>>> print(open('start_35.pdb').read())   # PDB, C-alpha atoms, pLDDT in the B column
ATOM      1  CA  MET A   1    -105.600-106.857 320.685  1.00 66.00           C
ATOM      2  CA  ILE A   2    -102.301-107.364 322.582  1.00 80.00           C
ATOM      3  CA  ASP A   3    -101.407-105.351 325.649  1.00 82.00           C
ATOM      4  CA  GLU A   4     -98.508-102.976 324.908  1.00 84.00           C
ATOM      5  CA  GLU A   5     -96.615-104.090 328.023  1.00 88.00           C
ATOM      6  CA  LEU A   6     -96.886-107.725 326.935  1.00 86.00           C
ATOM      7  CA  LEU A   7     -95.742-106.851 323.423  1.00 86.00           C
ATOM      8  CA  GLU A   8     -92.627-105.187 324.839  1.00 89.00           C
ATOM      9  CA  ILE A   9     -91.496-108.347 326.651  1.00 92.00           C
ATOM     10  CA  LEU A  10     -92.387-110.908 323.970  1.00 94.00           C
ATOM     11  CA  ALA A  11     -89.578-112.204 321.776  1.00 96.00           C
ATOM     12  CA  CYS A  12     -89.095-114.874 319.142  1.00 97.00           C
ATOM     13  CA  PRO A  13     -88.469-118.170 320.955  1.00 97.00           C
ATOM     14  CA  GLU A  14     -85.907-119.194 318.335  1.00 96.00           C
ATOM     15  CA  ASP A  15     -83.556-116.206 318.101  1.00 96.00           C
ATOM     16  CA  LYS A  16     -84.860-113.993 320.940  1.00 96.00           C
ATOM     17  CA  SER A  17     -85.376-111.049 318.574  1.00 97.00           C
ATOM     18  CA  PRO A  18     -88.233-108.613 319.221  1.00 96.00           C
ATOM     19  CA  VAL A  19     -91.633-109.066 317.596  1.00 97.00           C
ATOM     20  CA  GLN A  20     -94.160-106.531 316.393  1.00 96.00           C
ATOM     21  CA  LEU A  21     -97.808-106.633 315.434  1.00 96.00           C
ATOM     22  CA  ALA A  22     -98.385-107.671 311.833  1.00 97.00           C
ATOM     23  CA  ASP A  23     -99.975-105.230 309.422  1.00 96.00           C
ATOM     24  CA  GLN A  24    -103.539-106.081 308.440  1.00 97.00           C
ATOM     25  CA  SER A  25    -102.413-106.565 304.836  1.00 97.00           C
ATOM     26  CA  VAL A  26    -100.122-109.411 305.965  1.00 97.00           C
ATOM     27  CA  ILE A  27    -102.964-111.027 307.932  1.00 97.00           C
ATOM     28  CA  ASP A  28    -105.334-110.674 304.969  1.00 97.00           C
ATOM     29  CA  GLY A  29    -102.807-112.289 302.623  1.00 97.00           C
ATOM     30  CA  LEU A  30    -102.246-115.212 304.977  1.00 97.00           C
ATOM     31  CA  ASN A  31    -105.986-115.708 305.470  1.00 97.00           C
ATOM     32  CA  GLU A  32    -106.418-115.803 301.707  1.00 97.00           C
ATOM     33  CA  ARG A  33    -103.791-118.562 301.495  1.00 97.00           C
ATOM     34  CA  ILE A  34    -105.495-120.408 304.381  1.00 97.00           C
ATOM     35  CA  ALA A  35    -108.816-120.254 302.504  1.00 97.00           C
ATOM     36  CA  GLN A  36    -107.097-121.712 299.435  1.00 97.00           C
ATOM     37  CA  GLY A  37    -105.618-124.497 301.562  1.00 96.00           C
ATOM     38  CA  ASN A  38    -101.997-123.750 300.704  1.00 96.00           C
ATOM     39  CA  LEU A  39    -100.425-122.447 303.913  1.00 97.00           C
ATOM     40  CA  THR A  40     -98.284-124.579 306.183  1.00 98.00           C
ATOM     41  CA  ASN A  41     -96.523-123.674 309.418  1.00 98.00           C
ATOM     42  CA  ARG A  42     -92.909-124.468 310.290  1.00 97.00           C
ATOM     43  CA  GLY A  43     -93.969-127.790 311.758  1.00 97.00           C
ATOM     44  CA  GLY A  44     -95.281-128.825 308.333  1.00 97.00           C
ATOM     45  CA  GLN A  45     -98.926-128.747 309.408  1.00 97.00           C
ATOM     46  CA  ASN A  46    -101.551-127.224 307.128  1.00 97.00           C
ATOM     47  CA  VAL A  47    -102.963-124.056 308.703  1.00 97.00           C
ATOM     48  CA  GLU A  48    -106.752-124.381 308.548  1.00 96.00           C
ATOM     49  CA  LYS A  49    -108.036-121.770 311.005  1.00 95.00           C
ATOM     50  CA  GLN A  50    -108.214-118.126 309.905  1.00 95.00           C
ATOM     51  CA  ILE A  51    -106.046-115.837 312.019  1.00 94.00           C
ATOM     52  CA  ASP A  52    -107.108-112.481 313.428  1.00 92.00           C
ATOM     53  CA  GLY A  53    -103.624-111.202 314.153  1.00 95.00           C
ATOM     54  CA  GLY A  54    -100.004-112.084 314.448  1.00 97.00           C
ATOM     55  CA  LEU A  55     -96.585-111.083 315.684  1.00 97.00           C
ATOM     56  CA  VAL A  56     -93.820-110.751 313.120  1.00 98.00           C
ATOM     57  CA  ARG A  57     -90.226-111.508 314.037  1.00 97.00           C
ATOM     58  CA  ALA A  58     -87.812-108.564 313.644  1.00 96.00           C
ATOM     59  CA  ASP A  59     -86.272-109.983 310.452  1.00 97.00           C
ATOM     60  CA  GLY A  60     -89.736-110.448 308.926  1.00 97.00           C
ATOM     61  CA  ALA A  61     -89.176-114.164 308.302  1.00 97.00           C
ATOM     62  CA  TYR A  62     -91.942-115.591 310.498  1.00 98.00           C
ATOM     63  CA  LEU A  63     -95.305-114.691 311.963  1.00 98.00           C
ATOM     64  CA  TYR A  64     -96.537-116.101 315.263  1.00 98.00           C
ATOM     65  CA  PRO A  65    -100.338-116.269 315.109  1.00 97.00           C
ATOM     66  CA  ILE A  66    -102.590-114.718 317.726  1.00 94.00           C
ATOM     67  CA  ASP A  67    -105.510-116.956 318.695  1.00 90.00           C
ATOM     68  CA  ASP A  68    -108.306-115.430 320.800  1.00 88.00           C
ATOM     69  CA  GLY A  69    -105.958-112.657 321.908  1.00 87.00           C
ATOM     70  CA  ILE A  70    -103.223-115.124 322.940  1.00 90.00           C
ATOM     71  CA  PRO A  71     -99.956-115.145 320.987  1.00 93.00           C
ATOM     72  CA  ILE A  72     -98.886-118.670 320.036  1.00 95.00           C
ATOM     73  CA  MET A  73     -95.120-118.368 320.518  1.00 97.00           C
ATOM     74  CA  LEU A  74     -94.132-121.884 319.474  1.00 97.00           C
ATOM     75  CA  ILE A  75     -91.471-122.364 316.791  1.00 97.00           C
ATOM     76  CA  ASP A  76     -93.449-125.100 314.992  1.00 98.00           C
ATOM     77  CA  GLU A  77     -96.586-122.901 314.922  1.00 97.00           C
ATOM     78  CA  ALA A  78     -94.765-119.995 313.251  1.00 98.00           C
ATOM     79  CA  ILE A  79     -95.860-119.207 309.720  1.00 98.00           C
ATOM     80  CA  PRO A  80     -93.084-118.514 307.179  1.00 98.00           C
ATOM     81  CA  LEU A  81     -93.590-115.163 305.427  1.00 97.00           C
ATOM     82  CA  ALA A  82     -91.055-115.672 302.614  1.00 84.00           C
TER      83      ALA A  82
END
>>> encode(input="start_35.pdb", output="structure tokens")
Amino acid sequence: MIDEELLEILACPEDKSPVQLADQSVIDGLNERIAQGNLTNRGGQNVEKQIDGGLVRADGAYLYPIDDGIPIMLIDEAIPLA
């Protein structure tokens, strides 16, 4: 999904901490919430499109979605995991 070399250089745009690929169970849980219509991103927008992957910040607080193989590394697009 994401090239390993790219993954090594990507970091959270907010705190510059490393990111790692999200487990499928996390993605499945978020997609279930998206289907129910009760998932919002940090920008306050309702997330409507199912995600096929994501990058989780080192502290596990946020997931940056991957759309068509491209990580969306924008603070407002991050999805809170707490």
>>> atom_distance(input="start_35.pdb", atom1="atom CA of A:Gly29", atom2="atom CA of A:Gln45")
18.2 Å
>>> residues_around(input="start_35.pdb", residues="A:Tyr62", least_positions_apart="4", cutoff="8 Å", atoms="only C-alpha atoms", output="NGL selection string")
:A and (56-57 or 78-82)
>>> atom_distance(input="start_35.pdb", atom1="atom CA of A:Pro18", atom2="atom CA of A:Asp67")
19.2 Å
>>> residues_near_point(input="start_35.pdb", point="(-102.4, -108.3, 313.6)", cutoff="7 Å", atoms="all atoms listed in the file", output="ChimeraX atom specification")
/A:21-24,27,52-55
>>> resolve_selection(input="start_35.pdb", expression="the PyMOL selection byres ((chain A and resi 2) around 10)", output="PyMOL selection string")
chain A and resi 1+3-7+21+53-55+66+69-71
>>> closest_residue(input="start_35.pdb", among="A:Ser25, A:Ala58, A:Asn31, A:Leu10", to="A:Ile72", atoms="all atoms listed in the file")
A:Leu10
>>> residues_around(input="start_35.pdb", residues="A:Val47", least_positions_apart="2", cutoff="12 Å", atoms="all atoms listed in the file", output="ChimeraX atom specification")
/A:30-45,49-51,65,76-80
>>> write_last_selection(input="start_35.pdb", atoms="C-alpha atoms", output="mmCIF file, keeping the file's coordinate frame")
data_model
loop_
_atom_site.group_PDB
_atom_site.id
_atom_site.type_symbol
_atom_site.label_atom_id
_atom_site.label_comp_id
_atom_site.auth_asym_id
_atom_site.auth_seq_id
_atom_site.Cartn_x
_atom_site.Cartn_y
_atom_site.Cartn_z
ATOM 1 C CA LEU A 30 -102.246 -115.212 304.977
ATOM 2 C CA ASN A 31 -105.986 -115.708 305.470
ATOM 3 C CA GLU A 32 -106.418 -115.803 301.707
ATOM 4 C CA ARG A 33 -103.791 -118.562 301.495
ATOM 5 C CA ILE A 34 -105.495 -120.408 304.381
ATOM 6 C CA ALA A 35 -108.816 -120.254 302.504
ATOM 7 C CA GLN A 36 -107.097 -121.712 299.435
ATOM 8 C CA GLY A 37 -105.618 -124.497 301.562
ATOM 9 C CA ASN A 38 -101.997 -123.750 300.704
ATOM 10 C CA LEU A 39 -100.425 -122.447 303.913
ATOM 11 C CA THR A 40 -98.284 -124.579 306.183
ATOM 12 C CA ASN A 41 -96.523 -123.674 309.418
ATOM 13 C CA ARG A 42 -92.909 -124.468 310.290
ATOM 14 C CA GLY A 43 -93.969 -127.790 311.758
ATOM 15 C CA GLY A 44 -95.281 -128.825 308.333
ATOM 16 C CA GLN A 45 -98.926 -128.747 309.408
ATOM 17 C CA LYS A 49 -108.036 -121.770 311.005
ATOM 18 C CA GLN A 50 -108.214 -118.126 309.905
ATOM 19 C CA ILE A 51 -106.046 -115.837 312.019
ATOM 20 C CA PRO A 65 -100.338 -116.269 315.109
ATOM 21 C CA ASP A 76 -93.449 -125.100 314.992
ATOM 22 C CA GLU A 77 -96.586 -122.901 314.922
ATOM 23 C CA ALA A 78 -94.765 -119.995 313.251
ATOM 24 C CA ILE A 79 -95.860 -119.207 309.720
ATOM 25 C CA PRO A 80 -93.084 -118.514 307.179
#
>>> atom_distance(input="start_35.pdb", atom1="atom CA of A:Met73", atom2="atom CA of A:Asn46")
17.3 Å
>>> residues_around(input="start_35.pdb", residues="A:Leu74", least_positions_apart="4", cutoff="9 Å", atoms="all atoms listed in the file", output="list of chain:residue names")
A:Cys12, A:Pro13, A:Glu14, A:Tyr64, A:Ala78
